[in-house]
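The next block is model_6.txt, given as compact mmCIF, C-alpha atoms (C1' of nucleotides).
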# COMPACT_ATOMS: atom_id res chain seq x y z
CA MET A 1 37.31 -21.76 -20.73
CA ASN A 2 34.18 -22.75 -18.97
CA ARG A 3 31.94 -19.71 -18.92
CA LYS A 4 30.11 -21.03 -15.87
CA LYS A 5 33.25 -20.94 -13.81
CA SER A 6 34.41 -17.50 -14.86
CA GLU A 7 34.67 -14.94 -12.15
CA LYS A 8 32.83 -12.31 -14.20
CA TYR A 9 29.94 -14.64 -14.90
CA ASN A 10 29.44 -15.17 -11.20
CA ARG A 11 29.75 -11.48 -10.49
CA ILE A 12 27.03 -10.75 -13.04
CA ILE A 13 24.70 -13.36 -11.54
CA ALA A 14 25.32 -12.01 -8.07
CA ALA A 15 24.72 -8.43 -9.15
CA ALA A 16 21.57 -9.40 -11.04
CA THR A 17 20.28 -11.32 -8.05
CA LYS A 18 20.64 -8.24 -5.92
CA MET A 19 19.13 -5.84 -8.44
CA PHE A 20 16.24 -8.05 -9.58
CA ALA A 21 15.30 -8.67 -5.96
CA GLU A 22 15.37 -4.97 -5.27
CA LYS A 23 13.60 -3.55 -8.31
CA GLY A 24 12.23 -6.47 -10.27
CA TYR A 25 13.38 -7.69 -13.67
CA TYR A 26 11.77 -5.03 -15.81
CA LYS A 27 12.77 -2.08 -13.68
CA THR A 28 16.38 -3.23 -13.52
CA ARG A 29 18.66 -1.70 -16.14
CA ILE A 30 21.54 -3.57 -17.72
CA SER A 31 23.67 -0.61 -16.75
CA GLU A 32 22.68 -1.09 -13.11
CA ILE A 33 23.70 -4.72 -13.14
CA ALA A 34 26.98 -3.71 -14.76
CA ARG A 35 27.62 -1.01 -12.19
CA GLU A 36 26.77 -3.37 -9.33
CA ALA A 37 29.14 -5.97 -10.79
CA GLY A 38 31.83 -3.38 -11.35
CA ILE A 39 32.11 -3.97 -15.08
CA ALA A 40 31.12 -2.24 -18.32
CA ASP A 41 27.68 -2.62 -19.86
CA GLY A 42 29.08 -4.33 -22.91
CA THR A 43 30.88 -6.96 -20.86
CA ILE A 44 27.56 -8.45 -19.89
CA TYR A 45 26.97 -9.32 -23.53
CA ILE A 46 30.14 -11.38 -23.61
CA TYR A 47 28.55 -13.69 -21.04
CA PHE A 48 24.85 -13.41 -21.87
CA SER A 49 23.21 -12.94 -25.24
CA HIS A 50 20.19 -11.09 -23.88
CA LYS A 51 18.88 -9.64 -20.68
CA ASP A 52 16.43 -12.49 -20.19
CA GLN A 53 19.28 -14.99 -20.36
CA ILE A 54 20.62 -13.57 -17.13
CA LEU A 55 17.33 -14.30 -15.41
CA ILE A 56 17.13 -17.79 -16.85
CA ALA A 57 20.71 -18.58 -15.85
CA LEU A 58 19.99 -17.20 -12.41
CA PHE A 59 16.95 -19.46 -12.02
CA GLU A 60 18.85 -22.50 -13.15
CA GLU A 61 21.81 -21.93 -10.88
CA LYS A 62 19.77 -21.15 -7.79
CA MET A 63 17.18 -23.85 -8.29
CA GLN A 64 19.87 -26.47 -8.76
CA GLU A 65 21.43 -25.47 -5.46
CA VAL A 66 18.08 -25.49 -3.71
CA LEU A 67 17.23 -28.88 -5.15
CA ASP A 68 20.54 -30.45 -4.23
CA ASN A 69 20.39 -29.05 -0.75
CA MET A 70 16.86 -30.31 -0.17
CA LYS A 71 17.66 -33.79 -1.46
CA ARG A 72 20.59 -33.96 0.92
CA GLN A 73 18.47 -32.83 3.85
CA ILE A 74 15.57 -35.21 3.37
CA GLY A 75 18.07 -37.98 2.73
CA LEU A 76 19.07 -37.63 6.37
CA GLU A 77 15.68 -38.96 7.52
CA ASP A 78 14.17 -42.39 7.13
CA ASP A 79 10.62 -41.83 8.27
CA PRO A 80 8.44 -40.15 5.61
CA LEU A 81 6.73 -37.96 8.19
CA ALA A 82 10.10 -36.84 9.50
CA LYS A 83 11.11 -36.09 5.91
CA ILE A 84 8.12 -33.84 5.53
CA GLU A 85 8.99 -32.01 8.70
CA ARG A 86 12.52 -31.55 7.57
CA PHE A 87 11.35 -30.32 4.20
CA ALA A 88 9.40 -27.53 5.85
CA LEU A 89 12.19 -26.46 8.12
CA THR A 90 14.80 -26.60 5.39
CA HIS A 91 12.63 -24.66 2.99
CA LEU A 92 11.92 -21.86 5.42
CA ARG A 93 15.53 -21.67 6.59
CA LEU A 94 16.61 -21.38 3.01
CA ILE A 95 14.28 -18.44 2.52
CA GLU A 96 15.60 -16.75 5.61
CA ASP A 97 19.20 -17.21 4.55
CA ASN A 98 18.71 -16.20 0.92
CA LYS A 99 16.25 -13.36 0.89
CA ASP A 100 17.24 -11.98 -2.50
CA MET A 101 17.00 -15.33 -4.17
CA ALA A 102 13.73 -16.06 -2.42
CA GLU A 103 12.26 -12.80 -3.57
CA ILE A 104 13.20 -13.46 -7.17
CA ILE A 105 11.70 -16.93 -7.08
CA GLN A 106 8.59 -15.53 -5.41
CA VAL A 107 8.09 -12.69 -7.80
CA GLU A 108 9.90 -13.20 -11.09
CA LEU A 109 9.79 -16.95 -11.51
CA ARG A 110 6.01 -16.85 -11.27
CA GLN A 111 5.65 -14.55 -14.19
CA SER A 112 8.50 -15.90 -16.21
CA SER A 113 6.19 -17.83 -18.49
CA LYS A 114 4.77 -14.48 -19.54
CA PHE A 115 7.93 -13.23 -21.14
CA MET A 116 9.86 -16.37 -21.86
CA LYS A 117 7.69 -18.31 -24.21
CA ASN A 118 9.17 -21.71 -23.89
CA TYR A 119 10.93 -21.69 -20.61
CA HIS A 120 9.50 -24.51 -18.57
CA ASN A 121 10.87 -24.61 -15.14
CA LEU A 122 11.86 -28.21 -14.78
CA LYS A 123 13.82 -27.71 -11.59
CA PHE A 124 10.83 -26.20 -9.88
CA SER A 125 8.67 -29.20 -10.77
CA GLN A 126 11.33 -31.52 -9.49
CA TYR A 127 11.38 -29.65 -6.23
CA LEU A 128 7.63 -30.09 -5.83
CA ASP A 129 7.93 -33.73 -6.79
CA LEU A 130 10.18 -34.38 -3.84
CA ILE A 131 7.12 -33.86 -1.67
CA GLU A 132 4.94 -36.05 -3.83
CA ASP A 133 7.45 -38.87 -3.60
CA ILE A 134 7.60 -38.64 0.17
CA ILE A 135 3.83 -38.82 0.39
CA ARG A 136 3.67 -41.88 -1.83
CA GLU A 137 6.34 -43.51 0.26
CA GLY A 138 4.32 -42.71 3.38
CA GLN A 139 1.23 -44.26 1.86
CA LYS A 140 3.13 -47.38 0.94
CA LYS A 141 4.29 -47.71 4.56
CA ASN A 142 0.77 -47.07 5.78
CA LEU A 143 1.74 -43.91 7.57
CA ILE A 144 -0.33 -41.63 5.38
CA LYS A 145 -4.00 -42.03 4.48
CA LYS A 146 -4.75 -43.69 1.19
CA GLU A 147 -7.37 -41.06 0.36
CA VAL A 148 -4.72 -38.36 0.20
CA ILE A 149 -4.06 -37.48 -3.44
CA PRO A 150 -0.30 -36.94 -3.57
CA SER A 151 -0.34 -34.40 -6.38
CA ILE A 152 -2.84 -32.24 -4.51
CA ALA A 153 -1.14 -32.71 -1.17
CA LYS A 154 2.22 -31.63 -2.51
CA ARG A 155 0.75 -28.38 -3.77
CA ALA A 156 -1.15 -27.77 -0.57
CA PHE A 157 1.94 -28.31 1.53
CA PHE A 158 4.26 -26.36 -0.69
CA GLY A 159 1.67 -23.58 -0.98
CA ALA A 160 1.47 -23.26 2.77
CA LEU A 161 5.23 -22.93 3.03
CA ASP A 162 5.37 -20.60 0.08
CA GLU A 163 2.82 -18.22 1.51
CA MET A 164 4.84 -18.07 4.70
CA SER A 165 7.90 -17.31 2.58
CA ARG A 166 6.09 -14.49 0.87
CA TYR A 167 5.27 -12.99 4.21
CA TRP A 168 8.87 -13.40 5.29
CA VAL A 169 10.29 -11.86 2.21
CA LEU A 170 7.91 -8.97 1.83
CA SER A 171 7.51 -7.70 5.37
CA LYS A 172 10.13 -6.05 7.51
CA SER A 173 9.40 -7.44 10.93
CA HIS A 174 7.93 -10.79 11.86
CA LYS A 175 5.80 -11.84 14.74
CA TYR A 176 7.35 -15.29 15.04
CA ASP A 177 10.45 -17.14 13.92
CA ILE A 178 11.04 -19.70 11.20
CA GLU A 179 11.06 -22.61 13.62
CA THR A 180 7.65 -21.70 14.98
CA ALA A 181 6.20 -21.31 11.51
CA ALA A 182 7.62 -24.63 10.38
CA LYS A 183 6.34 -26.37 13.48
CA GLN A 184 2.84 -24.97 13.02
CA ILE A 185 2.57 -25.85 9.36
CA ASN A 186 3.93 -29.32 10.00
CA SER A 187 1.47 -29.85 12.78
CA TYR A 188 -1.54 -28.92 10.63
CA PHE A 189 -0.39 -30.91 7.68
CA ILE A 190 0.92 -34.03 9.38
CA HIS A 191 -2.19 -34.34 11.52
CA GLY A 192 -4.25 -33.84 8.42
CA ILE A 193 -2.74 -36.59 6.33
CA LYS A 194 -1.44 -39.28 8.68
CA THR A 195 -3.35 -42.50 9.23
CA MET B 196 -20.39 12.12 -14.43
CA ASN B 197 -19.04 9.31 -12.32
CA ARG B 198 -15.97 7.99 -14.09
CA LYS B 199 -16.40 4.62 -12.44
CA LYS B 200 -19.72 4.12 -14.07
CA SER B 201 -18.70 5.23 -17.53
CA GLU B 202 -19.01 2.65 -20.22
CA LYS B 203 -15.55 3.45 -21.58
CA TYR B 204 -13.94 3.06 -18.18
CA ASN B 205 -15.35 -0.41 -17.88
CA ARG B 206 -14.35 -1.30 -21.40
CA ILE B 207 -10.78 -0.28 -20.64
CA ILE B 208 -10.68 -2.34 -17.45
CA ALA B 209 -12.10 -5.33 -19.29
CA ALA B 210 -9.64 -4.99 -22.14
CA ALA B 211 -6.73 -4.56 -19.74
CA THR B 212 -7.82 -7.62 -17.77
CA LYS B 213 -7.72 -9.68 -20.91
CA MET B 214 -4.41 -8.33 -22.17
CA PHE B 215 -2.56 -8.32 -18.84
CA ALA B 216 -3.63 -11.91 -18.26
CA GLU B 217 -2.44 -12.88 -21.70
CA LYS B 218 0.89 -11.07 -21.93
CA GLY B 219 1.61 -9.59 -18.53
CA TYR B 220 1.64 -5.94 -17.57
CA TYR B 221 4.98 -4.99 -19.04
CA LYS B 222 4.51 -6.75 -22.33
CA THR B 223 1.07 -5.23 -22.87
CA ARG B 224 1.04 -2.04 -24.93
CA ILE B 225 -1.35 0.80 -24.31
CA SER B 226 -2.22 0.55 -27.98
CA GLU B 227 -3.18 -3.10 -27.48
CA ILE B 228 -5.53 -2.26 -24.65
CA ALA B 229 -7.01 0.50 -26.78
CA ARG B 230 -7.48 -1.80 -29.74
CA GLU B 231 -9.06 -4.48 -27.55
CA ALA B 232 -11.40 -1.88 -26.06
CA GLY B 233 -12.19 -0.49 -29.50
CA ILE B 234 -11.05 3.05 -28.72
CA ALA B 235 -8.12 5.32 -29.53
CA ASP B 236 -4.88 5.26 -27.54
CA GLY B 237 -5.41 8.78 -26.31
CA THR B 238 -8.83 7.99 -24.92
CA ILE B 239 -7.25 5.83 -22.25
CA TYR B 240 -5.57 8.92 -20.85
CA ILE B 241 -8.92 10.60 -20.35
CA TYR B 242 -9.76 7.87 -17.86
CA PHE B 243 -6.35 6.97 -16.45
CA SER B 244 -3.38 9.21 -15.82
CA HIS B 245 -0.80 6.50 -16.33
CA LYS B 246 -0.51 2.92 -17.41
CA ASP B 247 0.01 1.72 -13.85
CA GLN B 248 -3.24 3.36 -12.79
CA ILE B 249 -5.10 0.90 -14.97
CA LEU B 250 -3.53 -1.99 -13.10
CA ILE B 251 -4.24 -0.42 -9.73
CA ALA B 252 -7.87 0.31 -10.63
CA LEU B 253 -8.18 -3.23 -11.91
CA PHE B 254 -6.88 -4.67 -8.63
CA GLU B 255 -9.20 -2.52 -6.58
CA GLU B 256 -12.30 -3.34 -8.57
CA LYS B 257 -11.68 -7.06 -8.72
CA MET B 258 -10.55 -7.45 -5.14
CA GLN B 259 -13.59 -5.61 -3.89
CA GLU B 260 -15.83 -8.00 -5.80
CA VAL B 261 -13.92 -11.01 -4.52
CA LEU B 262 -14.06 -9.72 -0.96
CA ASP B 263 -17.78 -8.96 -1.07
CA ASN B 264 -18.55 -12.29 -2.59
CA MET B 265 -16.53 -14.19 -0.02
CA LYS B 266 -18.11 -12.34 2.90
CA ARG B 267 -21.53 -13.19 1.55
CA GLN B 268 -20.60 -16.85 1.16
CA ILE B 269 -19.11 -17.40 4.60
CA GLY B 270 -22.02 -15.48 6.06
CA LEU B 271 -24.21 -18.37 4.97
CA GLU B 272 -22.59 -20.70 7.49
CA ASP B 273 -22.66 -20.64 11.26
CA ASP B 274 -20.10 -23.23 12.17
CA PRO B 275 -16.51 -21.95 11.85
CA LEU B 276 -15.31 -25.23 10.37
CA ALA B 277 -18.07 -25.08 7.80
CA LYS B 278 -17.03 -21.51 7.05
CA ILE B 279 -13.52 -22.68 6.34
CA GLU B 280 -14.79 -25.36 4.03
CA ARG B 281 -16.93 -22.87 2.22
CA PHE B 282 -14.03 -20.47 1.93
CA ALA B 283 -11.97 -23.08 0.11
CA LEU B 284 -14.72 -24.05 -2.27
CA THR B 285 -15.69 -20.46 -3.00
CA HIS B 286 -12.10 -19.44 -3.58
CA LEU B 287 -11.39 -22.22 -6.02
CA ARG B 288 -14.68 -21.74 -7.85
CA LEU B 289 -13.90 -18.11 -8.25
CA ILE B 290 -10.58 -18.97 -9.83
CA GLU B 291 -12.23 -21.37 -12.20
CA ASP B 292 -14.85 -18.81 -13.22
CA ASN B 293 -12.48 -15.86 -13.59
CA LYS B 294 -9.32 -17.18 -15.10
CA ASP B 295 -8.07 -13.86 -16.43
CA MET B 296 -8.58 -12.11 -13.15
CA ALA B 297 -7.02 -15.00 -11.28
CA GLU B 298 -3.98 -14.96 -13.48
CA ILE B 299 -3.46 -11.26 -12.93
CA ILE B 300 -3.78 -11.62 -9.18
CA GLN B 301 -1.42 -14.58 -9.26
CA VAL B 302 1.22 -12.96 -11.38
CA GLU B 303 0.95 -9.19 -11.38
CA LEU B 304 -0.34 -8.45 -7.91
CA ARG B 305 2.58 -10.32 -6.44
CA GLN B 306 5.12 -8.10 -8.07
CA SER B 307 3.15 -4.90 -7.88
CA SER B 308 5.14 -3.65 -4.91
CA LYS B 309 8.15 -3.68 -7.20
CA PHE B 310 6.87 -1.00 -9.51
CA MET B 311 4.29 0.80 -7.44
CA LYS B 312 6.23 2.17 -4.53
CA ASN B 313 3.43 2.90 -2.14
CA TYR B 314 0.63 0.69 -3.23
CA HIS B 315 -0.28 -1.44 -0.27
CA ASN B 316 -2.92 -3.93 -1.08
CA LEU B 317 -5.39 -3.44 1.69
CA LYS B 318 -8.10 -5.53 0.09
CA PHE B 319 -5.80 -8.49 -0.14
CA SER B 320 -4.98 -8.30 3.57
CA GLN B 321 -8.66 -8.06 4.37
CA TYR B 322 -9.29 -11.17 2.35
CA LEU B 323 -6.66 -13.08 4.32
CA ASP B 324 -8.04 -11.71 7.56
CA LEU B 325 -11.38 -13.33 6.87
CA ILE B 326 -9.64 -16.64 7.52
CA GLU B 327 -7.92 -15.40 10.62
CA ASP B 328 -11.24 -14.24 12.07
CA ILE B 329 -12.87 -17.58 11.41
CA ILE B 330 -10.02 -19.37 13.17
CA ARG B 331 -10.26 -17.12 16.20
CA GLU B 332 -13.98 -17.71 16.32
CA GLY B 333 -13.37 -21.45 16.14
CA GLN B 334 -10.92 -21.25 19.00
CA LYS B 335 -13.38 -19.29 21.11
CA LYS B 336 -15.98 -21.99 20.52
CA ASN B 337 -13.43 -24.66 21.35
CA LEU B 338 -13.63 -26.18 17.91
CA ILE B 339 -10.06 -25.34 16.99
CA LYS B 340 -6.93 -26.07 19.00
CA LYS B 341 -5.63 -23.25 21.15
CA GLU B 342 -2.06 -23.91 19.99
CA VAL B 343 -2.94 -22.91 16.44
CA ILE B 344 -1.54 -19.45 15.74
CA PRO B 345 -4.23 -17.77 13.65
CA SER B 346 -1.91 -15.52 11.66
CA ILE B 347 0.19 -18.50 10.62
CA ALA B 348 -2.79 -20.72 9.97
CA LYS B 349 -4.45 -18.19 7.70
CA ARG B 350 -1.36 -18.04 5.53
CA ALA B 351 -0.94 -21.78 5.48
CA PHE B 352 -4.53 -22.31 4.44
CA PHE B 353 -4.59 -19.52 1.90
CA GLY B 354 -1.24 -20.64 0.56
CA ALA B 355 -2.53 -24.15 -0.02
CA LEU B 356 -5.50 -22.80 -1.96
CA ASP B 357 -3.35 -20.34 -3.81
CA GLU B 358 -0.91 -22.96 -5.00
CA MET B 359 -3.84 -24.98 -6.32
CA SER B 360 -5.02 -21.85 -8.10
CA ARG B 361 -1.67 -21.37 -9.68
CA TYR B 362 -1.78 -24.89 -11.01
CA TRP B 363 -5.29 -24.29 -12.29
CA VAL B 364 -4.45 -21.06 -13.98
CA LEU B 365 -1.15 -22.02 -15.52
CA SER B 366 -1.78 -25.49 -16.85
CA LYS B 367 -4.05 -26.51 -19.66
CA SER B 368 -5.55 -29.73 -18.44
CA HIS B 369 -6.21 -30.85 -14.91
CA LYS B 370 -6.21 -34.26 -13.32
CA TYR B 371 -9.05 -33.48 -10.91
CA ASP B 372 -11.82 -30.99 -10.46
CA ILE B 373 -12.23 -28.01 -8.15
CA GLU B 374 -14.52 -29.88 -5.78
CA THR B 375 -12.00 -32.66 -5.29
CA ALA B 376 -9.20 -30.20 -4.67
CA ALA B 377 -11.27 -28.22 -2.17
CA LYS B 378 -12.33 -31.37 -0.39
CA GLN B 379 -8.75 -32.59 -0.08
CA ILE B 380 -7.34 -29.33 1.18
CA ASN B 381 -10.17 -28.95 3.65
CA SER B 382 -9.64 -32.45 4.92
CA TYR B 383 -5.92 -31.91 5.58
CA PHE B 384 -6.42 -28.56 7.17
CA ILE B 385 -9.52 -29.20 9.23
CA HIS B 386 -8.08 -32.42 10.62
CA GLY B 387 -4.91 -30.56 11.36
CA ILE B 388 -6.40 -27.76 13.40
CA LYS B 389 -9.57 -29.04 15.02
CA THR B 390 -9.67 -30.02 18.67
C1' DT C 391 59.50 -9.57 -25.83
C1' DA C 392 56.94 -9.54 -29.81
C1' DG C 393 52.84 -11.23 -31.62
C1' DT C 394 48.22 -12.69 -31.20
C1' DA C 395 44.10 -14.03 -29.20
C1' DA C 396 40.89 -13.23 -25.70
C1' DT C 397 38.58 -10.15 -22.92
C1' DG C 398 36.77 -5.78 -21.70
C1' DT C 399 35.05 -0.96 -22.61
C1' DG C 400 31.47 2.60 -23.02
C1' DA C 401 29.78 5.89 -26.30
C1' DA C 402 26.55 5.76 -29.90
C1' DC C 403 22.72 3.64 -32.25
C1' DG C 404 18.17 2.48 -33.23
C1' DA C 405 13.99 0.54 -31.90
C1' DT C 406 10.38 0.92 -28.92
C1' DT C 407 6.45 3.00 -26.68
C1' DA C 408 4.09 5.87 -22.99
C1' DT C 409 2.26 10.20 -23.23
C1' DT C 410 0.78 14.62 -25.30
C1' DC C 411 -2.07 17.76 -27.80
C1' DA C 412 -3.97 20.07 -31.92
C1' DT C 413 -7.83 18.79 -34.18
C1' DT C 414 -12.28 16.47 -34.95
C1' DT C 415 -16.55 14.43 -33.42
C1' DT C 416 -20.26 13.83 -30.28
C1' DT C 417 -23.44 15.34 -26.81
C1' DA C 418 -26.75 18.27 -24.60
C1' DG C 419 -29.26 22.36 -23.73
C1' DC C 420 -32.20 25.62 -25.83
C1' DG D 421 -30.41 23.43 -36.01
C1' DC D 422 -27.16 26.25 -33.47
C1' DT D 423 -23.59 26.46 -30.01
C1' DA D 424 -20.47 25.39 -26.49
C1' DA D 425 -18.60 22.06 -23.71
C1' DA D 426 -17.08 17.39 -23.31
C1' DA D 427 -15.19 13.41 -25.19
C1' DA D 428 -12.46 11.14 -28.48
C1' DT D 429 -8.85 10.78 -31.89
C1' DG D 430 -4.24 9.29 -33.54
C1' DA D 431 -0.07 11.24 -35.39
C1' DA D 432 3.91 13.34 -33.42
C1' DT D 433 6.99 13.63 -29.57
C1' DA D 434 10.41 12.72 -26.36
C1' DA D 435 12.56 9.83 -23.42
C1' DT D 436 14.21 5.42 -22.42
C1' DC D 437 17.36 1.45 -22.75
C1' DG D 438 18.90 -3.00 -24.75
C1' DT D 439 22.37 -3.96 -27.79
C1' DT D 440 26.37 -3.21 -30.84
C1' DC D 441 31.01 -2.43 -32.20
C1' DA D 442 35.35 0.05 -33.02
C1' DC D 443 38.83 0.42 -30.09
C1' DA D 444 41.70 -0.59 -25.80
C1' DT D 445 43.63 -3.56 -22.54
C1' DT D 446 45.15 -7.85 -20.73
C1' DA D 447 46.64 -12.68 -20.96
C1' DC D 448 48.98 -16.19 -23.24
C1' DT D 449 52.48 -18.45 -26.18
C1' DA D 450 56.78 -19.45 -28.12

What would you get if you wrote out this structure as structure tokens?
Amino acid sequence: MNRKKSEKYNRIIAAATKMFAEKGYYKTRISEIAREAGIADGTIYIYFSHKDQILIALFEEKMQEVLDNMKRQIGLEDDPLAKIERFALTHLRLIEDNKDMAEIIQVELRQSSKFMKNYHNLKFSQYLDLIEDIIREGQKKNLIKKEVIPSIAKRAFFGALDEMSRYWVLSKSHKYDIETAAKQINSYFIHGIKT
Amino acid sequence: MNRKKSEKYNRIIAAATKMFAEKGYYKTRISEIAREAGIADGTIYIYFSHKDQILIALFEEKMQEVLDNMKRQIGLEDDPLAKIERFALTHLRLIEDNKDMAEIIQVELRQSSKFMKNYHNLKFSQYLDLIEDIIREGQKKNLIKKEVIPSIAKRAFFGALDEMSRYWVLSKSHKYDIETAAKQINSYFIHGIKT
DNA sequence: TAGTAATGTGAACGATTATTCATTTTTAGC
DNA sequence: GCTAAAAATGAATAATCGTTCACATTACTA
């Protein structure tokens, strides 16, 4: 049987997503994940060799979804500047619709290198590179200034979105909605880089 | 005696800064901090009631320094747009000059709410608010567009810098220097918001 | 339906580690 | 140089939790 498709496997990932978001990786007990998933502690070790494997699997699954979704969305636009706008909106909507996942990526993914020696988050780099590619394309079409360094611009743009996400995820009430935030960030950034 | 001024207190903070940056809060043992500081394990508990108090004290000390330094730096400029430029450069230089501290703020501060129930990072908010104030000032002087929402813009700008910091802190070699990065980010952002 | 493999269980284990505290060492006043 | 308080020590403690495994249950096959 394919472990990935097993019902239990998915239940464990779902339970871990909820618990890690709530208490963080270290404060979450295996027994809590098991209880949340409605299974015995030992069952988790049929599907995962160690606690950290749950977190890694969780990253991989979620990031793949996020990546696929974003590729699909920016594929709907032709104009590089429109792609950038759609990136922002899609990213922030994703955060709004997947708070637990967003919180884990915000908080745990960032420190994952600290406890998982050789876990390099390829998917995350690929996600960032989507922006870099759009910028290069925009430069080729003369829509974006040649002086813009794509690898800096991608981080600046992603960083802006990411900081908004952090605010979204960590505070209860918000002064403005996702659409407004996306529009603002796009406006700063697009004006800043276009020819 | 003032605990804050004690030599041992400072040695513990310094040792913790090094170890937390290297291994992360959870993976760092009290005994490792003690060894690094050249004292006995028990001595730490003369100065700090619990392990998490070391991290909190560390945040407070470092953030106060960062905040004071930034206020001094932006105080050197009159023009709001020049203040923003100086903010970026100062922030990135600080990261470059204090890698351990930067790494802790990047990684541990972000997840601190997860294990310290009621630790609200006031200093961090104040730091962000420096940007918001500059933007409001710029709007008053008609240098920055009225449509710019200061509380969104501050996060966007800080986020851009912060993502650059993350790259700086987490990767060994860099394609470009701090000055280039600051110049790029400033150029996008200033163009994006100015009237 | 019996037999067997796969899956699931949860109590017990053992390793880890923050914290304590009885004891020792240092400091400071006289 | 004596004394008491303060500071420091580090071995012992106690609690925590990831992981295991002997046993139980369920699913599958013929």

Item to complete: Do me a favour and pick out the residues of chain A within 10 Å of chain B, using only C-alpha atoms, as number ranges by chain.
Response: A: 20-27, 103-104, 106-115, 147-149, 151-167, 170, 175-176, 180-182, 184-194

Discussion item. Please find the residues of chain C near chain B - the criterion being any atom within 10 Å, counting all atoms listed in the file - and write them as a VMD selection string.
Written reply: chain C and resid 407 to 411

Selection from above, C-alpha atoms (C1' of nucleotides), as a PDB file, keeping the file's coordinate frame, can you write it?
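As written to disk, part-v9.pdb reads:
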ATOM      1  C1'  DT C 407       6.450   3.000 -26.680  1.00  0.00           C
ATOM      2  C1'  DA C 408       4.090   5.870 -22.990  1.00  0.00           C
ATOM      3  C1'  DT C 409       2.260  10.200 -23.230  1.00  0.00           C
ATOM      4  C1'  DT C 410       0.780  14.620 -25.300  1.00  0.00           C
ATOM      5  C1'  DC C 411      -2.070  17.760 -27.800  1.00  0.00           C
TER       6       DC C 411
END

Discussion item. Contacts from chain D to chain A, 10 Å maximum, all atoms listed in the file: show me the residue list as a PyMOL selection string.
Written reply: chain D and resi 437-441

Practice prompt. Work out how far atom CA of B:Tyr322 is from atom CA of B:Pro345, in Å to one decimal.
Written response: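 Going from atom CA of B:Pro345 over to atom CA of B:Tyr322, I get 14.0 Å.
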
Worksheet entry | Straight-line distance linking atom CA of B:Asp273 with atom CA of B:Asn293, stated in Å to one decimal | 27.3 Å

Would you give the centre and edge lengths, in Å to one decimal, of a box along x, y and z around the listed atoms of stretch 391-404 of chain C, with 6 Å added to each side, as lines of an AutoDock Vina configuration file?
center_x = 38.8
center_y = -4.1
center_z = -27.5
size_x = 53.3
size_y = 31.9
size_z = 23.5

Discussion item. Just to confirm, what's the straight-line distance from atom C1' of C:DA396 to atom C1' of D:DT449 in Å (one decimal)?
Written reply: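 Calculated distance between atom C1' of C:DA396 and atom C1' of D:DT449 is 12.7 Å.
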